[in-house]
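Asks: My structure is in target_11.cif, and what it holds is mmCIF, C-alpha atoms:
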```
data_work
loop_
_atom_site.group_PDB
_atom_site.id
_atom_site.type_symbol
_atom_site.label_atom_id
_atom_site.label_comp_id
_atom_site.auth_asym_id
_atom_site.auth_seq_id
_atom_site.Cartn_x
_atom_site.Cartn_y
_atom_site.Cartn_z
ATOM 1 C CA MET I 286 14.733 65.016 21.229
ATOM 2 C CA LEU I 287 16.554 66.867 24.043
ATOM 3 C CA GLU I 288 19.959 65.816 25.262
ATOM 4 C CA ILE I 289 21.777 67.735 27.929
ATOM 5 C CA LYS I 290 25.186 66.154 28.330
ATOM 6 C CA ASN I 291 27.499 66.944 31.229
ATOM 7 C CA VAL I 292 26.531 70.613 31.386
ATOM 8 C CA THR I 293 28.190 72.894 33.903
ATOM 9 C CA LYS I 294 27.142 76.502 34.466
ATOM 10 C CA ILE I 295 29.059 78.687 36.892
ATOM 11 C CA PHE I 296 28.057 82.221 37.815
ATOM 12 C CA ASN I 297 30.764 84.753 38.720
ATOM 13 C CA LYS I 298 33.466 82.227 37.889
ATOM 14 C CA GLY I 299 36.795 82.927 39.545
ATOM 15 C CA THR I 300 35.402 85.422 42.057
ATOM 16 C CA VAL I 301 34.499 85.191 45.733
ATOM 17 C CA ASN I 302 30.863 85.089 44.595
ATOM 18 C CA GLU I 303 31.344 82.011 42.404
ATOM 19 C CA LYS I 304 28.250 79.808 42.333
ATOM 20 C CA VAL I 305 28.060 76.469 40.554
ATOM 21 C CA ALA I 306 24.449 76.284 39.399
ATOM 22 C CA LEU I 307 24.677 73.181 37.193
ATOM 23 C CA ASP I 308 27.416 70.655 37.892
ATOM 24 C CA ASP I 309 27.976 67.971 35.241
ATOM 25 C CA PHE I 310 24.196 67.867 34.654
ATOM 26 C CA SER I 311 22.777 65.395 32.127
ATOM 27 C CA LEU I 312 19.220 64.743 30.972
ATOM 28 C CA THR I 313 17.715 62.966 27.983
ATOM 29 C CA LEU I 314 14.111 63.427 26.860
ATOM 30 C CA GLU I 315 12.334 61.671 24.003
ATOM 31 C CA ASP I 316 9.566 63.017 21.746
ATOM 32 C CA GLY I 317 6.323 63.288 23.713
ATOM 33 C CA ASP I 318 7.967 63.325 27.149
ATOM 34 C CA PHE I 319 6.470 65.680 29.717
ATOM 35 C CA VAL I 320 8.732 66.523 32.635
ATOM 36 C CA THR I 321 8.096 68.559 35.741
ATOM 37 C CA VAL I 322 11.175 69.872 37.526
ATOM 38 C CA ILE I 323 10.686 70.497 41.229
ATOM 39 C CA GLY I 324 13.191 72.111 43.557
ATOM 40 C CA GLY I 325 13.705 74.897 46.028
ATOM 41 C CA ASN I 326 14.796 78.426 45.253
ATOM 42 C CA GLY I 327 18.318 78.467 43.886
ATOM 43 C CA SER I 328 18.349 74.773 42.982
ATOM 44 C CA GLY I 329 19.010 75.409 39.272
ATOM 45 C CA LYS I 330 15.580 74.992 37.627
ATOM 46 C CA SER I 331 15.574 78.338 35.826
ATOM 47 C CA THR I 332 19.303 78.064 35.144
ATOM 48 C CA MET I 333 18.658 74.773 33.335
ATOM 49 C CA MET I 334 15.868 76.335 31.246
ATOM 50 C CA ASN I 335 17.956 79.416 30.470
ATOM 51 C CA ALA I 336 20.866 77.182 29.443
ATOM 52 C CA ILE I 337 18.604 75.231 27.088
ATOM 53 C CA ALA I 338 17.232 78.477 25.636
ATOM 54 C CA GLY I 339 20.702 79.993 25.242
ATOM 55 C CA VAL I 340 20.131 82.951 27.537
ATOM 56 C CA TRP I 341 23.696 82.439 28.705
ATOM 57 C CA PRO I 342 26.410 80.045 27.605
ATOM 58 C CA VAL I 343 27.353 76.972 29.577
ATOM 59 C CA HIS I 344 30.945 76.426 30.663
ATOM 60 C CA GLU I 345 31.083 72.746 29.800
ATOM 61 C CA GLY I 346 28.917 70.133 28.137
ATOM 62 C CA ARG I 347 26.515 70.026 25.202
ATOM 63 C CA ILE I 348 22.877 70.766 24.528
ATOM 64 C CA VAL I 349 21.246 68.963 21.597
ATOM 65 C CA ILE I 350 17.686 69.622 20.407
ATOM 66 C CA ASP I 351 16.178 67.236 17.863
ATOM 67 C CA GLY I 352 19.642 66.009 16.842
ATOM 68 C CA ILE I 353 21.081 69.525 16.387
ATOM 69 C CA ASP I 354 23.872 70.668 18.686
ATOM 70 C CA VAL I 355 22.736 74.116 19.817
ATOM 71 C CA THR I 356 25.367 74.560 22.532
ATOM 72 C CA LYS I 357 27.153 77.395 20.729
ATOM 73 C CA LEU I 358 24.070 78.936 19.100
ATOM 74 C CA PRO I 359 22.893 82.282 20.486
ATOM 75 C CA GLU I 360 19.424 82.619 21.972
ATOM 76 C CA HIS I 361 17.796 84.108 18.869
ATOM 77 C CA LYS I 362 18.962 81.176 16.709
ATOM 78 C CA ARG I 363 17.678 78.584 19.189
ATOM 79 C CA ALA I 364 14.267 80.261 19.228
ATOM 80 C CA LYS I 365 13.132 78.380 16.112
ATOM 81 C CA TYR I 366 13.303 75.112 18.066
ATOM 82 C CA LEU I 367 11.698 76.384 21.279
ATOM 83 C CA GLY I 368 8.459 77.714 22.647
ATOM 84 C CA ARG I 369 8.738 79.416 25.996
ATOM 85 C CA VAL I 370 6.397 80.804 28.641
ATOM 86 C CA PHE I 371 7.989 82.677 31.488
ATOM 87 C CA GLN I 372 7.115 83.013 35.160
ATOM 88 C CA ASP I 373 6.848 86.779 34.710
ATOM 89 C CA PRO I 374 3.682 87.517 32.674
ATOM 90 C CA MET I 375 5.311 90.700 31.347
ATOM 91 C CA THR I 376 7.949 88.644 29.531
ATOM 92 C CA GLY I 377 7.332 86.958 26.197
ATOM 93 C CA THR I 378 5.250 89.622 24.452
ATOM 94 C CA ALA I 379 5.874 93.082 23.022
ATOM 95 C CA ALA I 380 3.917 95.381 25.339
ATOM 96 C CA THR I 381 3.508 98.333 22.978
ATOM 97 C CA MET I 382 2.357 96.203 20.058
ATOM 98 C CA GLY I 383 -1.231 95.040 19.590
ATOM 99 C CA ILE I 384 -2.463 91.515 20.237
ATOM 100 C CA GLU I 385 -2.661 90.750 16.510
ATOM 101 C CA GLU I 386 0.845 92.144 15.929
ATOM 102 C CA ASN I 387 2.228 89.871 18.650
ATOM 103 C CA LEU I 388 0.462 86.896 17.084
ATOM 104 C CA ALA I 389 1.804 87.873 13.653
ATOM 105 C CA LEU I 390 5.320 87.785 15.086
ATOM 106 C CA ALA I 391 4.659 84.339 16.567
ATOM 107 C CA ALA I 392 3.248 83.102 13.262
ATOM 108 C CA GLY I 393 6.361 84.327 11.477
ATOM 109 C CA HIS I 394 4.633 87.043 9.444
ATOM 110 C CA GLY I 395 6.357 90.043 10.990
ATOM 111 C CA GLY I 396 4.477 92.338 13.303
ATOM 112 C CA TRP I 397 3.368 95.262 11.220
ATOM 113 C CA LEU I 398 -0.316 95.816 10.555
ATOM 114 C CA SER I 399 0.286 96.220 6.817
ATOM 115 C CA SER I 400 1.572 92.643 6.633
ATOM 116 C CA ILE I 401 -1.360 91.043 8.479
ATOM 117 C CA SER I 402 -3.819 89.667 5.974
ATOM 118 C CA ARG I 403 -7.556 89.260 6.455
ATOM 119 C CA LYS I 404 -6.973 85.500 6.564
ATOM 120 C CA ASP I 405 -4.361 85.945 9.341
ATOM 121 C CA ARG I 406 -6.734 88.147 11.350
ATOM 122 C CA GLN I 407 -9.477 85.545 11.086
ATOM 123 C CA ALA I 408 -7.118 82.760 12.172
ATOM 124 C CA PHE I 409 -5.922 84.859 15.123
ATOM 125 C CA ARG I 410 -9.519 85.677 16.078
ATOM 126 C CA GLU I 411 -10.503 81.990 16.010
ATOM 127 C CA ARG I 412 -7.552 80.933 18.146
ATOM 128 C CA LEU I 413 -8.071 83.740 20.640
ATOM 129 C CA SER I 414 -11.756 82.876 21.028
ATOM 130 C CA LEU I 415 -10.700 79.453 22.356
ATOM 131 C CA LEU I 416 -9.252 81.202 25.412
ATOM 132 C CA GLY I 417 -12.682 82.526 26.430
ATOM 133 C CA MET I 418 -11.213 85.881 27.484
ATOM 134 C CA GLY I 419 -12.710 88.142 24.828
ATOM 135 C CA LEU I 420 -9.291 88.962 23.395
ATOM 136 C CA GLU I 421 -10.565 88.316 19.867
ATOM 137 C CA ASP I 422 -12.561 91.540 20.212
ATOM 138 C CA ARG I 423 -9.499 93.549 21.277
ATOM 139 C CA MET I 424 -7.030 92.608 18.522
ATOM 140 C CA THR I 425 -5.445 96.052 18.148
ATOM 141 C CA GLN I 426 -5.188 96.743 21.882
ATOM 142 C CA PRO I 427 -1.585 97.044 23.122
ATOM 143 C CA VAL I 428 -0.618 93.895 24.998
ATOM 144 C CA GLY I 429 0.756 95.989 27.859
ATOM 145 C CA LEU I 430 -2.841 96.867 28.797
ATOM 146 C CA LEU I 431 -3.812 93.217 29.378
ATOM 147 C CA SER I 432 -3.944 91.619 32.815
ATOM 148 C CA GLY I 433 -1.108 89.320 33.840
ATOM 149 C CA GLY I 434 -3.246 86.222 33.265
ATOM 150 C CA GLN I 435 -4.408 87.403 29.839
ATOM 151 C CA ARG I 436 -0.858 88.201 28.868
ATOM 152 C CA GLN I 437 0.410 84.810 30.008
ATOM 153 C CA ALA I 438 -2.362 83.051 28.069
ATOM 154 C CA LEU I 439 -1.383 85.053 24.976
ATOM 155 C CA THR I 440 2.281 84.155 25.537
ATOM 156 C CA LEU I 441 1.368 80.452 25.663
ATOM 157 C CA MET I 442 -0.604 80.806 22.445
ATOM 158 C CA MET I 443 2.348 82.556 20.816
ATOM 159 C CA ALA I 444 4.812 79.924 22.093
ATOM 160 C CA THR I 445 2.781 77.147 20.473
ATOM 161 C CA TYR I 446 1.497 78.933 17.356
ATOM 162 C CA ASN I 447 4.017 77.041 15.255
ATOM 163 C CA PRO I 448 4.494 73.793 17.179
ATOM 164 C CA PRO I 449 7.967 73.939 18.748
ATOM 165 C CA LYS I 450 10.336 71.001 19.088
ATOM 166 C CA LEU I 451 10.500 71.774 22.808
ATOM 167 C CA LEU I 452 8.161 73.802 25.028
ATOM 168 C CA LEU I 453 9.670 75.330 28.181
ATOM 169 C CA LEU I 454 7.188 76.442 30.836
ATOM 170 C CA ASP I 455 8.685 78.281 33.817
ATOM 171 C CA GLU I 456 5.959 78.621 36.459
ATOM 172 C CA HIS I 457 3.658 79.579 33.622
ATOM 173 C CA THR I 458 0.538 79.726 35.789
ATOM 174 C CA ALA I 459 2.027 82.349 38.135
ATOM 175 C CA ALA I 460 -0.453 84.978 36.939
#
```
Please go through the file and, once you have read it, give me the structure as structure tokens.
Replies:
Amino acid sequence: MLEIKNVTKIFNKGTVNEKVALDDFSLTLEDGDFVTVIGGNGSGKSTMMNAIAGVWPVHEGRIVIDGIDVTKLPEHKRAKYLGRVFQDPMTGTAATMGIEENLALAAGHGGWLSSISRKDRQAFRERLSLLGMGLEDRMTQPVGLLSGGQRQALTLMMATYNPPKLLLLDEHTAA
């Protein structure tokens, strides 16, 4: 399901500030595996997640998701395989767009109100009600006006709206 094979990521390569963040790192996960990565600041946890997501390229090695080599794919092309919730609650949603527009993006329907059907709105409302935060009654409110915890809960819902092959959670309960 996820294979990281001999991945090396170096920041500021060839400079006095060179930092090897991942050094010949390998990891294999099967469908259904749940892994918690624990380490101190600067140990490479976020670097590993950003390498998987394609935020930056790796210098060596391969990353394979569900049998597809994504090593050379840019971040936006890897997104169809991944769900992601970030440590920063302000990341992962479009702040100026409404709650229902953000959910429409996650569902793959675009984010414009004219493309959100009554059926979509009802489905969004039902899912949001499961959070117990009253967000189903604030569907057109800009996401930037939500609290950090509300925004992170919405980001998790968006990340799993269409079940991803791999879900990356980076200190997702920070808010």
Asks: Step by step, work through what the PyMOL selection byres ((chain I and resi 405-412) around 8) selects in the shown file, and finish by giving those residues as a list in words.
Replies: Glu385, Leu388, Ala389, Ile401, Ser402, Arg403, Lys404, Leu413, Ser414, Leu415, Leu416, Glu421, Asp422 and Met424 of chain I
Asks: Could you spell out the hits of the PyMOL selection byres ((chain I and resi 450-452) around 12) on the shown file, as an NGL selection string?
Replies: :I and (286-288 or 314-321 or 334 or 337-338 or 349-353 or 363-371 or 440-449 or 453-455 or 457)
Asks: Any idea what the distance is between atom CA of Ser311 of chain I and atom CA of Ile289 of chain I?
Replies: 4.9 Å
Asks: When the PyMOL selection byres ((chain I and resi 295-303) around 12) is applied to the structure above, which residues does it catch, written out as a PyMOL selection string?
Replies: chain I and resi 292-294+304-309+329+332-333+336+341-345
Asks: Padding 4 Å on every side, please: axis-aligned box over the listed atoms of segment 374-384 of chain I, centre and edge lengths to one decimal in Å, as lines of an AutoDock Vina configuration file.
Replies:
```
center_x = 2.7
center_y = 92.6
center_z = 26.1
size_x = 18.4
size_y = 19.4
size_z = 21.1
```
Asks: Provide the atom CA of Gly327 of chain I to atom CA of Ala438 of chain I distance in Å, to one decimal place.
Replies: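 Here the two named atoms are 26.4 Å from each other.
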